[in-house]
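Participant: My structure is stored as protein04.txt, with compact mmCIF, C-alpha atoms.
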```txt
# COMPACT_ATOMS: atom_id res chain seq x y z
CA MET J 1 0.00 0.00 0.00
CA SER J 2 1.53 3.32 -1.05
CA ILE J 3 1.60 6.24 1.35
CA PRO J 4 0.79 9.70 -0.04
CA THR J 5 3.78 11.95 -0.21
CA ASN J 6 1.97 14.73 1.61
CA ALA J 7 1.75 12.51 4.69
CA PHE J 8 5.38 13.29 5.38
CA SER J 9 7.18 16.52 6.06
CA THR J 10 10.13 17.59 3.93
CA SER J 11 12.87 18.41 6.42
CA LEU J 12 15.73 20.82 6.03
CA ARG J 13 19.14 19.84 7.30
CA PRO J 14 20.59 22.30 9.83
CA GLY J 15 24.09 23.63 9.36
CA ARG J 16 26.91 22.54 11.64
CA THR J 17 27.23 25.98 13.21
CA ALA J 18 23.50 26.12 13.92
CA VAL J 19 23.56 22.67 15.53
CA ILE J 20 26.46 23.63 17.78
CA ALA J 21 24.67 26.83 18.78
CA VAL J 22 21.46 24.93 19.58
CA TYR J 23 23.19 22.38 21.80
CA LEU J 24 25.19 25.09 23.53
CA ALA J 25 21.92 26.91 24.23
CA LEU J 26 20.42 23.72 25.68
CA ALA J 27 23.48 23.15 27.88
CA ALA J 28 23.49 26.78 29.01
CA GLY J 29 19.79 26.60 29.84
CA LEU J 30 20.26 23.49 31.97
CA ALA J 31 23.29 24.97 33.74
CA ARG J 32 21.46 28.21 34.48
CA THR J 33 18.41 26.34 35.74
CA LEU J 34 20.50 24.24 38.11
CA ALA J 35 22.42 27.29 39.30
CA SER J 36 19.29 29.39 39.83
CA THR J 37 16.97 26.91 41.51
CA THR J 38 16.43 27.34 45.24
CA HIS J 39 14.92 23.90 45.66
CA GLN J 40 17.58 21.21 45.46
CA ASP J 41 14.92 18.53 45.53
CA LEU J 42 13.84 19.76 42.08
CA VAL J 43 17.26 19.15 40.54
CA PRO J 44 16.43 15.57 39.40
CA TRP J 45 13.18 16.91 37.94
CA TYR J 46 14.97 19.60 35.94
CA VAL J 47 17.79 17.31 34.82
CA GLY J 48 15.41 14.52 33.82
CA LEU J 49 13.08 16.75 31.80
CA HIS J 50 16.00 18.52 30.13
CA LEU J 51 17.44 15.15 29.11
CA VAL J 52 14.08 13.98 27.74
CA PHE J 53 13.75 17.27 25.85
CA LEU J 54 17.29 16.86 24.47
CA VAL J 55 16.77 13.24 23.39
CA LEU J 56 13.49 14.01 21.61
CA PHE J 57 14.92 17.16 20.05
CA THR J 58 17.92 15.26 18.71
CA ALA J 59 15.84 12.32 17.45
CA VAL J 60 13.60 14.60 15.38
CA LEU J 61 16.47 16.81 14.25
CA TRP J 62 18.37 13.92 12.69
CA ARG J 63 15.43 11.89 11.41
CA PRO J 64 14.12 13.79 8.38
CA GLY J 65 10.91 12.78 6.67
CA LEU J 66 8.87 11.89 9.73
CA PRO J 67 5.07 11.83 9.28
CA THR J 68 3.48 15.20 9.92
CA GLU J 69 1.06 13.70 12.45
CA LEU J 70 3.99 12.38 14.47
CA LEU J 71 5.64 15.80 14.38
CA HIS J 72 2.47 17.41 15.73
CA LEU J 73 2.54 14.95 18.62
CA TYR J 74 6.22 15.68 19.15
CA PHE J 75 5.68 19.43 19.50
CA VAL J 76 2.78 18.84 21.88
CA VAL J 77 4.99 16.66 24.10
CA GLN J 78 7.92 19.07 23.96
CA SER J 79 5.66 22.01 24.83
CA ALA J 80 4.32 20.06 27.79
CA ILE J 81 7.89 19.39 28.94
CA VAL J 82 8.74 23.11 28.83
CA LEU J 83 5.61 23.96 30.79
CA ALA J 84 6.47 21.24 33.30
CA LEU J 85 9.91 22.81 33.72
CA LEU J 86 8.39 26.25 34.25
CA ALA J 87 5.59 25.28 36.64
CA PRO J 88 7.60 24.50 39.84
CA GLN J 89 9.46 27.83 39.79
CA PRO J 90 7.91 30.34 37.34
CA GLU J 91 10.55 32.89 38.30
CA LEU J 92 12.96 30.82 36.20
CA ASP J 93 11.48 32.50 33.13
CA PHE J 94 14.51 31.73 30.96
CA VAL J 95 13.18 28.17 30.67
CA THR J 96 10.81 29.51 28.01
CA ALA J 97 13.86 29.93 25.76
CA LEU J 98 13.24 26.27 24.93
CA PHE J 99 10.13 27.43 23.07
CA ALA J 100 12.42 29.50 20.83
CA LEU J 101 14.44 26.37 20.02
CA LEU J 102 11.20 24.58 19.18
CA CYS J 103 10.28 27.46 16.83
CA TYR J 104 13.62 26.93 15.09
CA GLN J 105 12.98 23.20 14.80
CA ALA J 106 9.42 23.70 13.58
CA ALA J 107 10.77 25.77 10.70
CA LEU J 108 13.23 22.97 9.92
CA VAL J 109 10.93 19.95 9.97
CA LEU J 110 7.59 21.43 8.88
CA THR J 111 6.72 23.15 5.63
CA GLY J 112 4.10 25.57 4.40
CA PRO J 113 1.55 27.23 6.68
CA VAL J 114 1.84 24.39 9.20
CA HIS J 115 5.24 25.47 10.45
CA TRP J 116 4.12 29.08 10.91
CA THR J 117 1.05 27.81 12.77
CA TRP J 118 3.29 26.00 15.22
CA VAL J 119 5.59 29.00 15.53
CA GLY J 120 2.58 31.12 16.43
CA LEU J 121 1.38 28.58 18.99
CA LEU J 122 4.83 28.35 20.57
CA VAL J 123 5.09 32.14 20.76
CA LEU J 124 1.67 32.27 22.45
CA LEU J 125 2.78 29.60 24.91
CA THR J 126 5.90 31.60 25.67
CA GLY J 127 4.07 34.77 26.58
CA GLY J 128 0.90 33.12 27.84
CA SER J 129 2.62 30.82 30.33
CA LEU J 130 4.65 33.67 31.83
CA MET J 131 1.61 35.93 31.99
CA PHE J 132 -0.32 33.15 33.72
CA TYR J 133 2.31 32.56 36.40
CA LEU J 134 3.84 36.04 36.81
CA GLY J 135 0.96 38.34 35.92
CA PRO J 136 0.06 40.05 32.64
CA VAL J 137 2.53 42.93 32.78
CA ARG J 138 5.60 41.14 34.10
CA GLY J 139 4.86 37.98 32.15
CA LEU J 140 4.48 39.90 28.90
CA ALA J 141 7.68 41.85 29.54
CA LEU J 142 9.67 38.69 30.23
CA GLY J 143 8.08 36.77 27.37
CA LEU J 144 8.76 39.29 24.63
CA LEU J 145 12.45 38.42 24.25
CA PRO J 146 12.17 34.62 23.88
CA ALA J 147 9.10 35.07 21.68
CA ALA J 148 11.00 37.48 19.42
CA VAL J 149 13.97 35.11 19.29
CA GLY J 150 11.68 32.26 18.26
CA ILE J 151 10.16 34.31 15.45
CA VAL J 152 13.58 35.47 14.25
CA LEU J 153 14.96 31.92 14.23
CA ALA J 154 11.96 30.62 12.29
CA ALA J 155 12.21 33.49 9.81
CA PHE J 156 15.94 32.86 9.40
CA VAL J 157 15.31 29.22 8.53
CA ALA J 158 12.53 30.15 6.10
CA VAL J 159 14.66 32.76 4.33
CA ASN J 160 17.63 30.40 4.18
CA ALA J 161 15.39 27.70 2.69
CA GLU J 162 14.19 30.14 0.01
CA ILE J 163 17.79 31.07 -0.78
CA GLU J 164 18.79 27.41 -1.06
CA THR J 165 15.79 26.72 -3.30
CA ALA J 166 16.65 29.67 -5.53
CA ARG J 167 20.28 28.53 -5.68
CA ALA J 168 19.24 24.98 -6.62
CA GLN J 169 16.94 26.35 -9.33
CA SER J 170 19.74 28.58 -10.63
CA GLU J 171 22.13 25.63 -10.76
CA ALA J 172 19.53 23.53 -12.56
CA LEU J 173 18.91 26.36 -15.03
CA LEU J 174 22.66 26.79 -15.54
CA GLY J 175 23.02 23.07 -16.20
CA GLU J 176 20.19 23.23 -18.73
CA VAL J 177 21.76 26.23 -20.45
CA GLN J 178 25.12 24.47 -20.61
CA ALA J 179 23.48 21.37 -22.05
CA ARG J 180 21.74 23.51 -24.68
CA GLN J 181 25.04 25.21 -25.45
CA ARG J 182 26.71 21.84 -25.98
CA GLN J 183 23.88 20.82 -28.28
CA LEU J 184 24.23 24.05 -30.26
CA GLN J 185 27.97 23.51 -30.53
CA ALA J 186 27.36 19.97 -31.77
CA TYR J 187 24.81 21.27 -34.29
CA ALA J 188 27.25 23.97 -35.40
CA GLY J 189 29.93 21.32 -35.94
CA GLN J 190 27.50 19.25 -37.99
CA VAL J 191 26.55 22.30 -40.04
CA GLU J 192 30.23 23.03 -40.70
CA GLU J 193 30.80 19.43 -41.75
CA LEU J 194 27.78 19.55 -44.05
CA ALA J 195 28.96 22.85 -45.52
CA ALA J 196 32.45 21.43 -46.12
CA LEU J 197 30.95 18.30 -47.70
CA GLU J 198 28.71 20.41 -49.91
CA GLU J 199 31.70 22.50 -50.99
CA ARG J 200 33.69 19.35 -51.82
CA ASN J 201 30.77 18.03 -53.84
CA ARG J 202 30.50 21.33 -55.71
CA LEU J 203 34.21 21.32 -56.53
CA ALA J 204 34.00 17.68 -57.59
CA ARG J 205 31.11 18.49 -59.93
CA GLU J 206 33.00 21.45 -61.41
CA LEU J 207 36.12 19.30 -61.84
CA HIS J 208 34.06 16.54 -63.42
CA ASP J 209 32.46 18.98 -65.86
CA SER J 210 35.81 20.57 -66.74
CA VAL J 211 37.58 17.23 -67.21
CA SER J 212 34.64 15.87 -69.19
CA GLN J 213 34.78 18.88 -71.48
CA THR J 214 38.53 18.53 -71.92
CA MET J 215 38.28 14.79 -72.60
CA PHE J 216 35.57 15.48 -75.17
CA SER J 217 37.91 17.96 -76.85
CA ILE J 218 40.69 15.36 -76.76
CA ILE J 219 38.41 12.81 -78.41
CA LEU J 220 37.43 15.29 -81.14
CA ASN J 221 41.05 16.25 -81.74
CA THR J 222 42.07 12.60 -81.87
CA ARG J 223 39.40 11.93 -84.48
CA SER J 224 40.47 15.00 -86.46
CA THR J 225 44.09 13.86 -86.31
CA GLN J 226 43.14 10.45 -87.66
CA ILE J 227 41.29 12.07 -90.56
CA LEU J 228 44.16 14.46 -91.32
CA LEU J 229 46.63 11.60 -91.18
CA GLU J 230 44.72 9.95 -94.01
CA ARG J 231 44.01 13.06 -96.10
CA ASN J 232 46.67 15.67 -95.28
CA PRO J 233 49.63 14.37 -93.27
CA ALA J 234 51.34 17.77 -93.33
CA ARG J 235 48.76 19.23 -90.98
CA VAL J 236 49.04 16.41 -88.45
CA LYS J 237 51.86 17.99 -86.40
CA PRO J 238 49.88 21.12 -85.23
CA GLN J 239 46.95 18.90 -84.43
CA LEU J 240 49.15 16.60 -82.34
CA GLU J 241 50.56 19.60 -80.47
CA GLN J 242 47.04 20.78 -79.68
CA LEU J 243 46.13 17.26 -78.57
CA GLN J 244 49.18 17.18 -76.29
CA ALA J 245 48.21 20.53 -74.74
CA LEU J 246 44.69 19.33 -74.07
CA THR J 247 46.01 16.14 -72.45
CA GLN J 248 48.34 18.10 -70.18
CA GLN J 249 45.48 20.42 -69.26
CA ALA J 250 43.29 17.45 -68.32
CA LEU J 251 46.07 15.95 -66.20
CA ALA J 252 46.62 19.28 -64.45
CA GLU J 253 42.93 19.58 -63.63
CA MET J 254 42.83 16.08 -62.14
CA ARG J 255 45.81 16.68 -59.84
CA PRO J 256 44.86 17.60 -56.22
```
Write the structure described by the file as structure tokens, please.
Facilitator:
Amino acid sequence: MSIPTNAFSTSLRPGRTAVIAVYLALAAGLARTLASTTHQDLVPWYVGLHLVFLVLFTAVLWRPGLPTELLHLYFVVQSAIVLALLAPQPELDFVTALFALLCYQAALVLTGPVHWTWVGLLVLLTGGSLMFYLGPVRGLALGLLPAAVGIVLAAFVAVNAEIETARAQSEALLGEVQARQRQLQAYAGQVEELAALEERNRLARELHDSVSQTMFSIILNTRSTQILLERNPARVKPQLEQLQALTQQALAEMRP
């Protein structure tokens, strides 16, 4: 049974620098969370959820072509993990930076309006969760930065994808133009060969006509010489000289 191609998402591959930056951000977030928490009993909770987030993030990042339905479930689970990290100590607002990383990943693994839908939902979760726990004013103020970062990262991926698509199209067009140029060069070579062959045929026809005319003259002069030899031998010598000249002319025309 064949599966429709639209059931899968076409993933982009992140660059090496971007991957390093993402993992450094994850490590920095975990380190800051552990350093800022005032409840040591929550350390296993934070470490465990960060590790689950990291494992899922990595699995999706390096497994392109996952079904779109599975990706939707993935973002739901990851969003729940971020909210679970934020709930025990909402004052650790920097945890919402994980939503920005999810915005980046949504732009990588989802295409079309779907990825912008998820970016919008993640941005709303960023600001909405902080406003819920810390109040509208403070929550909005603290949520603006990670929300803006998420939008910028998603836009960066989208623009980069458009650039790569345009570059691929340009390379394909260049390859087509080069192929056409090679065809034209081949056609030009064939035309030159045909022109040279036509010229050789024309020269051969002219040579054939000229030699034929000369040979006809030789035949006539030979017949005249035979007649003169019978009737007037004294006039044979000039006729033989003319016959010799015609023969030499024919030989000269037939030489390359």
Participant: Using only C-alpha atoms, find each residue in segment 79-107 of chain J having at least one atom no more than 6 Å away from segment 139-153 of chain J; report its shortest atom-to-atom pair and that distance in Å (one decimal), rows by chain then rising number, as a Markdown table.
Facilitator:
```
| residue | atom | partner | partner_atom | distance |
| --- | --- | --- | --- | --- |
| J:Ala97 | CA | J:Pro146 | CA | 5.3 |
| J:Ala100 | CA | J:Gly150 | CA | 3.8 |
| J:Cys103 | CA | J:Gly150 | CA | 5.2 |
| J:Tyr104 | CA | J:Leu153 | CA | 5.2 |
```
Participant: Quick one: pull the distance between atom CA of Leu34 of chain J and atom CA of Leu125 of chain J, Å, one decimal.
Facilitator: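 Here the two named atoms are 22.7 Å from each other.
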Participant: Given the choices J:Gln89, J:Gln105, J:Ser224, J:Thr33, which gets closest to Tyr133 of chain J if the distance is worked out from all atoms listed in the file?
Facilitator: J:Gln89
Participant: Rank J:Pro238, J:Pro90, J:Arg167, J:Trp116 by their smallest atom-to-atom distance to Phe132 of chain J, using all atoms listed in the file, and report the top residue only.
Facilitator: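 The closest residue to Phe132 of chain J is J:Pro90.
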Participant: For Thr214 of chain J, which of J:Leu240, J:Ala161, J:Val177, J:Ala245 is the closest residue, counting all atoms listed in the file?
Facilitator: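 The closest residue to Thr214 of chain J is J:Ala245.
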Participant: What is the distance, in Å and to one decimal place, between atom CA of Glu206 of chain J and atom CA of Val191 of chain J?
Facilitator: 22.3 Å
Participant: Could you tell me how far atom CA of Ala18 of chain J sits from atom CA of Leu49 of chain J, in Å to one decimal place?
Facilitator: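 So the two atoms, atom CA of Leu49 of chain J and atom CA of Ala18 of chain J, lie 22.7 Å apart.
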